[in-house]
Structures are given as C-alpha cells and as structure tokens.
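See structure below.
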Protein chains: 2
Amino acid sequence: MRPRGERRSPVMADVAKAAGVSHQTVSRVLNDHPNVRAETRTRVLAAIDRLGYRRNLVARALVTRHSRTLGVVGFNTTLYGPASTVDGIEQAARAAGYFVSIVSLRTIDTAGMRDAIDYLADQGVDGIVVVAPQRSAARAFESLPRDMPAVAVEGQHVGEVSVVSVDQVGGARLATEHLLNLGHRTVWHVSGPSDWLEAEGRIEGWRAALQAAGRTPPEALAGDWSPHSGYAAGRRLLAMADRVTAVFVANDQMALGVLRALNEEGVKVPEQISIVGFDDIPEAEFFLPPLTTIRQDFAAVGRSSIEVLLRQIETGHECARERLIVPPRFVARASTASPR
Amino acid sequence: MRPRGERRSPVMADVAKAAGVSHQTVSRVLNDHPNVRAETRTRVLAAIDRLGYRRNLVARALVTRHSRTLGVVGFNTTLYGPASTVDGIEQAARAAGYFVSIVSLRTIDTAGMRDAIDYLADQGVDGIVVVAPQRSAARAFESLPRDMPAVAVEGQHVGEVSVVSVDQVGGARLATEHLLNLGHRTVWHVSGPSDWLEAEGRIEGWRAALQAAGRTPPEALAGDWSPHSGYAAGRRLLAMADRVTAVFVANDQMALGVLRALNEEGVKVPEQISIVGFDDIPEAEFFLPPLTTIRQDFAAVGRSSIEVLLRQIETGHECARERLIVPPRFVARASTASPR
DNA sequence: AACCCTCTTGTTAGCGTTCACAGTCTTGCC
DNA sequence: GGCAAGACTGTGAACGCTAACAAGAGGGTT
C-alpha cells in the first residue's frame, strides 16, 4: 500500500500540497483566522480529513511560547480531600482547554516542593497550581520563576501569589457553634497535624467560637488526619469521659477513629458524647451513627483556582493577586444531640 | 540593572557565548556526552549556573520527537481505588523521569474515552496508560493511533494492548473460601455495577469458590460501589436474614453500607452475619467491627504498568504485548466468625 | 485613470534544540 | 619526522509550526 518503510505522519506542508495552498493558509484555517475564503477553508479541511492530519502541538508551543499546559503540585493525592481538589482542578482546566501535568509529592519538605516546581517549569507549563496545605510548602513559592503565573490552593497568603481556599476558620466555627447551641458547656477538639494550615484554621475557628461564648478552650488533642490517630485521641478522651460531652474532630477519618474508640468502651454517640467531623467524605453518611460534619466544595475550589490562574496568564500578570475564600457547609446528621 | 525592557531567559547560544564554546558543546555537556574535556565541561557548567540557564524541553521534544510525557486517562479519580492507581502510576513515571499528563473522565462512554486519548495524542505524549475498568472503555483502544504505545490498567485483554491488573478473581476466591472455611453453608455477594470488569471478576471468583465447594451460588445483589447502594443491599439482605450468615461485598465502601443496615436492625456482625470487603481502604480497619477484606497493591499496579509501557516505548514496539497480574492479599480483621 | 483600502494568499524568517558531518588537535607508534 | 587513530569541538541543517511582512485581486472613490 505504502511506498515502503515507515510512513511518517503528515505535516502541515503535506496538507498544503494536498489542498493546493500554502502551509500558512492551512495554519490560518486551523487557527480560525477570519480572512480565509470559505471555499478554501473547506478544501483545506477536506485535505486534513483525508490525510488524517493532526497538528503538532509541540512545534506550536515552541513558537508561541505557550504550551497550554498547567502544572499541578499535589500532596498525598490518595486522601479524599486532596484527590477531590486535584480532580476539581483537572476538570476546570480541561474545560478551559488546558492540559494538566501533575506531580504528587509523598513527603512535604520545601526542597521536594521546589524540585517539583522546577520540574514543571522546565516542561514549559504556562502556570502552576500548588496545593500547598502546609506551612513548609509555602516557602517553596520563593523559588518560583519570577514570571511564572501561580496560584496556591489551601495555602498561606505569602508574597505575590494568589490564594484560593476553603474558609476553615468559618467551618470550624460552624461546627463548634452547633455543639454549643445544643447546650454543651464546652467542646473538645481533635486537631490535624500542627504544620497544616487547614489544621490551624480549624483550631482557630474552634477557639474563636468558644471564646465568643465565654468559654475557655480546653487543650486540643493532636492527630495526623488518619483514622488511627483519631482512635488514639478517642482513647485519651475516654480517660476523661466524665468531663467531655462534645467533640469537634478536624476530619471525618479521625472522627471514624474516635467513634470506634468510644464504641469499644460502650460510650454512646450521640447520647453520651456528640461528635462533629469535617470534610463530608462519602462514607460519613454511613458511619455509626451517621456523622454530622462540615462539607467542603472541592469542585468550586478547583474551578476558582483555575479561573484565577488563567486570568493571570491571559492578562500577562497585570492583574492584582487575589484571595478567594470558598464557604463550607454544615451538614446535620445523627452524631450530635443535646447533653443529658 | 538590565539594559531595559523584558530580559528573555537565556538560551543555549547565550551559554555558549558566555563559556566561549559552540552551542553544540553546551548541548553535549547537558546530555552527558562522553567526549567533552573536563575543563570545558566545568566552564560550561559555570556559565549555565551564572546565567541561570534552563534548557527548553519543548524545543528538545520537537527535534527528538520524544516529549518524555506519559498520558493517563483515568475515571472517577476521587474514589480511593482509582486515586491510588493513578498515584502509583504517577510515582513510577516520575521515578523513571517522565512527566504525567492526566485526563480524568466523569462519564465512561467510548466517545469520551476516545476524545481523551486524542487529546493526549495531540499533546505529543510518548505513551498512554488507560485505567479502563469498564467494558465500554475497552473499545476506545481501537481508536489509538497505530504507533502509540499503550497499556491498559484493570482492563480487558483486547486487541494489541498490554494489560496490567489485580487478580480480581483470585481475590474474590480468597474472600469466599475464607468464609466457607469458617463453616458457612453458603456466601452471598453484593456486587459492583455490571459493566465494570472488576465487578465481573469478583463475581466470577465468588461463584468459582462456591462451586468448587459444591454449593450453588445464590443470586448476587447488585450495587454501584457507593456506601448508599451497600446500604440498600443490606436492607434486602435483612429481609432474608434467617438464611444469610456470610456476605462477600465487592468493595469496602459498600460493606460500610451493609454494616450500617445490619446495625440498624440490631443484627450483630460477625456473630450473626460475617462480612468480607474488598480494597482495604484506610477506613476499613476502623469500621464497627474492623473489616476483614482483600487488599489491592495499587502501587505495584502503577509500577508494573509504567514498566510495561516504557519497555514498549524504548524498544519501539518490538516487544510482545503482555498480561501482568498483581496478586491481592487477604487481610483478616474482626468482621467474620464461624456461624453459630 | 490613479488611488487607497480590504480581503485573501504566499514567502521568509525564526522559535531553541539535536543530529550529521566536518574539522582540528592530541597522542602514540613506526 | 610522518601518519593514523582517537579525542574534542564547530558548522549547518533540520524538527513543524506561527509571526511578520509582502503581494495580488477586487472594489469603491476621487
């Protein structure tokens, strides 16, 4: 069929020859340039179709200096929260016609983050989204190339980068106020690891709500987001079960661990102790009892961050850095009740 | 400081001038070509460092025809299983020096899959990993460009593509045999959606184990992987609680739903009914009771698929298509017991 | 008729690399 | 000293595309 040997895939010049025009005209058709005669356009399109031509985006990127690729640096993307955030980002980016190149980190040191950013910058991404939930990650922004558009998700407002995040403080306040309104004298807290900004925000909101109600916040119990650490916190809570009637746990997975610890000792939720979680993972509704929690809108976070980033890319940095806050939502279920 | 106006980032020629060599020598240093004098090399490296030069990978990709980017088509990457698989793939790819470009699909029609593959092919990826857990996804492979290396993860062995997957049949057999060995007369099954290959494999393994023990498999209850559908299946199981003593649920999330339904009616697990799940999500250990389940090694799947794909890329397609099976592991916890 | 404007098309020159080839400089050995 | 083999370095031409400019055709105006 074919002359012999490898038949390389057709390039613009082949299409041009087949359609009897210049390669530039083909380029114009491909780029929807207005000044092309309709008849010429159809002829070119026919040739493209006939040859099965696909334009080489690498060559295009070389000359335009735009790859239409966005870099995403994530962390621990196996967890529900990060996975959902990255997913939201990917959806939004693709909807806007951008590719997404992902680097998922295991450990969260500044050096690793810096490497990831370098790696993506080398690849020629047009912008970078950093899902930077930790304090140490924030510093990595300093190593961003000066002219690289970037946005931080769940990050700190540091330096020149825009930030999109969920209102952790507000969410924690929602949770705590709910428990206070039920009549609990105070609310205990199982927190996330201390260098996570989300953990900090949730502690802050919890404290603020207690103080606004005139209560002195007790010591928070530190966890690491895992169900296992929640379980450990639950055991510690049990040791002072006579004093605790309500607990705000910084995420649903840890809440599951707490639930399990209480259950082991026959402590009834919500009759003896009320529990509120955070995240609203799909499983939360089916915990025993169904978990009252705070839902984060990850899709909205993804969408907003891409919007902010594209605005930066398209205006060529002339727009001001922004700070977008996505509100969380209280989801009432069966793990809370008034104290007896 | 700078002459005026935008200072474009340095290119190879700038480095060459600064080091007093030709651009080709710079290229050689960058590519670790052996025949460069040590003194020259250090001089070039110094210049690179001084100018802050970074090589333009896009230009490189244009001439080498290799982007060192791998495409990944995923589906519903918010779920634990898919998220872990994609994560494993990403880790393995980066370790091998490849970028990963991800497209995550919401709905799973052949057309969407085809678009995703086209999209990635346009971008110039060197190969594609398709996480194709459904029957309908398998057909999309037909639209792969003939010379595009590809591997299917959790997919069907169709046509020319290599496949890497977990041994679903074996895993299901493990689960069912465990229950049988405990002395249960039969084992019920809550299955995944019918067009999912994983769901099929698990049904097959469950049936095979029952038949090998001389039992007639009962009708499977269909779910859709969600805890909610597990709950619904649990309610149906309750209606015939006198006849069921053991249930193999096709994933942990559904098992959670079943657990909840049984708990609502006061049916004790494992005393009255034994439950085995599949996946071993991080939460499973903290269910009430801790869930006995089958663990999949997603990292291994990711690693293997990248290995297979790179072999294809590097040998230029001359290697045979492969079929790799990753074994699952039985994880004993507290949700199973012998029948009374 | 000469002119200008707009629409359409073609020509040429890069974008920043690597590849293929052609030099030049050592070195070792007769 | 002469010469070949190897080590090192430079030159020019791709890779496939878009940007910038040039040029021809046609229409309306002066």
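In the structure tokens, chains take the letters A, B, ... in the order shown, each chain's residues start at 1, and ligands count up from 1 in the order shown.
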
Rows by chain and residue number, chain C within 9 Å of chain A, shortest pair, only C-alpha atoms (C1' of nucleotides), as a Markdown table:
```
| residue | atom | partner | partner_atom | distance |
| --- | --- | --- | --- | --- |
| C:DC7 | C1' | A:Asn35 | CA | 6.6 |
| C:DT8 | C1' | A:Val36 | CA | 6.4 |
| C:DT9 | C1' | A:Thr25 | CA | 7.2 |
| C:DG10 | C1' | A:Ser22 | CA | 6.5 |
| C:DG14 | C1' | A:Val63 | CA | 8.5 |
| C:DC15 | C1' | A:Val63 | CA | 4.5 |
| C:DG16 | C1' | A:Leu62 | CA | 7.8 |
```

Find the spatial neighbours of C:DA22, counting only C-alpha atoms (C1' of nucleotides), within a cut-off of 12 Å - ignore same-chain residues fewer than 4 positions away - and output them as a ChimeraX atom specification.
/D:9-12

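Using only C-alpha atoms (C1' of nucleotides), the protein and nucleic acid residues lying no more than 9 Å from stretch 42-58 of chain B, apart from those fewer than 6 places from it along its own chain, are Val58, Ala59, Ala61, Leu62, Ser67, Asp122, Gln123 and Gly124 of chain A; Ser9, Pro10, Val11, Met12, Asp14, Val15, Ala16, Ala18, Ala19, Gly20, Val21, Thr25, Val26, Val29, Leu30 and Ser67 of chain B; DG16 and DT17 of chain C.
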
All residues 10 Å or closer to B:Val187, only C-alpha atoms (C1' of nucleotides), same chain fewer than 2 positions away omitted, as JSON, numbers by chain:
{"B": [175, 176, 177, 179, 180, 184, 185, 189, 206, 207, 209, 210, 215, 216, 217, 218, 220, 244, 245, 246, 247, 248, 274, 275]}

Using only C-alpha atoms (C1' of nucleotides), find each residue of chain D with at least one atom at most 9 Å away from an atom of chain A; report its shortest atom-to-atom pair and that distance in Å (one decimal), sort the rows by chain and rising residue number, and return the result as a Markdown table.
```
| residue | atom | partner | partner_atom | distance |
| --- | --- | --- | --- | --- |
| D:DC15 | C1' | A:Ala59 | CA | 7.9 |
| D:DG16 | C1' | A:Ala59 | CA | 5.2 |
| D:DC17 | C1' | A:Arg60 | CA | 4.8 |
| D:DT18 | C1' | A:Val63 | CA | 6.2 |
| D:DA19 | C1' | A:Val63 | CA | 8.9 |
```

Residue selection dump (N, CA and C atoms (P, O5', C5', C4', C3', O3' and C1' of nucleotides)) as a compact mmCIF listing (two decimals), in the first residue's frame:
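Final output, out_12.txt:
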```
# COMPACT_ATOMS: atom_id res chain seq x y z
P DC D 15 12.96 17.79 8.48
O5' DC D 15 12.30 17.84 9.92
C5' DC D 15 12.72 17.03 10.99
C4' DC D 15 12.12 17.56 12.26
C3' DC D 15 10.75 18.21 12.07
O3' DC D 15 9.75 17.24 12.34
C1' DC D 15 12.18 19.49 13.57
P DG D 16 8.59 16.96 11.25
O5' DG D 16 7.52 18.11 11.55
C5' DG D 16 6.89 18.14 12.80
C4' DG D 16 6.27 19.50 13.00
C3' DG D 16 5.32 19.95 11.89
O3' DG D 16 4.10 20.31 12.49
C1' DG D 16 6.87 21.63 12.39
P DC D 17 2.86 20.89 11.69
O5' DC D 17 2.85 22.42 12.17
C5' DC D 17 2.43 22.71 13.48
C4' DC D 17 3.09 23.98 13.97
C3' DC D 17 2.46 25.26 13.45
O3' DC D 17 1.43 25.65 14.37
C1' DC D 17 4.86 25.38 13.48
P DT D 18 0.38 26.78 13.88
O5' DT D 18 1.20 28.12 14.15
C5' DT D 18 1.51 28.48 15.48
C4' DT D 18 2.29 29.78 15.49
C3' DT D 18 1.51 31.01 15.02
O3' DT D 18 1.85 32.08 15.89
C1' DT D 18 3.45 30.77 13.71
P DA D 19 1.12 33.46 15.87
O5' DA D 19 2.27 34.44 15.34
C5' DA D 19 3.53 34.44 16.00
C4' DA D 19 4.42 35.52 15.41
C3' DA D 19 3.70 36.82 15.05
O3' DA D 19 4.57 37.90 15.36
C1' DA D 19 4.62 35.85 13.09
```

Identify, on the basis of only C-alpha atoms (C1' of nucleotides), every residue whose closest approach to A:Ile203 does not exceed 10 Å; exclude the query and any residue fewer than 5 positions from it along the same chain; express the result as a list in words.
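With the cut-off at 10 Å, the set is Gln168, Val169, Ala172, Arg173, His189, Val190, Ser191, Gly192, Ser194, Leu197, Glu198, Ala208, Pro217, Ala220, Phe248, Val249 and Ala250 of chain A.
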
Please produce a file of the residues just selected, as a compact mmCIF listing (two decimals), in the first residue's frame, where the atoms kept are C-alpha atoms.
```txt
# COMPACT_ATOMS: atom_id res chain seq x y z
CA GLN A 168 -11.53 26.64 57.51
CA VAL A 169 -11.99 29.07 60.35
CA ALA A 172 -14.78 25.16 62.45
CA ARG A 173 -16.85 27.92 63.99
CA HIS A 189 -11.11 19.26 69.65
CA VAL A 190 -9.08 16.62 67.89
CA SER A 191 -6.84 18.58 65.56
CA GLY A 192 -4.82 17.83 62.44
CA SER A 194 0.32 21.25 63.52
CA LEU A 197 -2.73 25.30 57.58
CA GLU A 198 -6.12 23.64 57.48
CA ALA A 208 -12.94 31.69 68.48
CA PRO A 217 -10.97 26.38 75.16
CA ALA A 220 -6.66 20.31 71.71
CA PHE A 248 -15.22 18.61 67.13
CA VAL A 249 -12.85 16.40 65.13
CA ALA A 250 -10.79 18.06 62.40
```
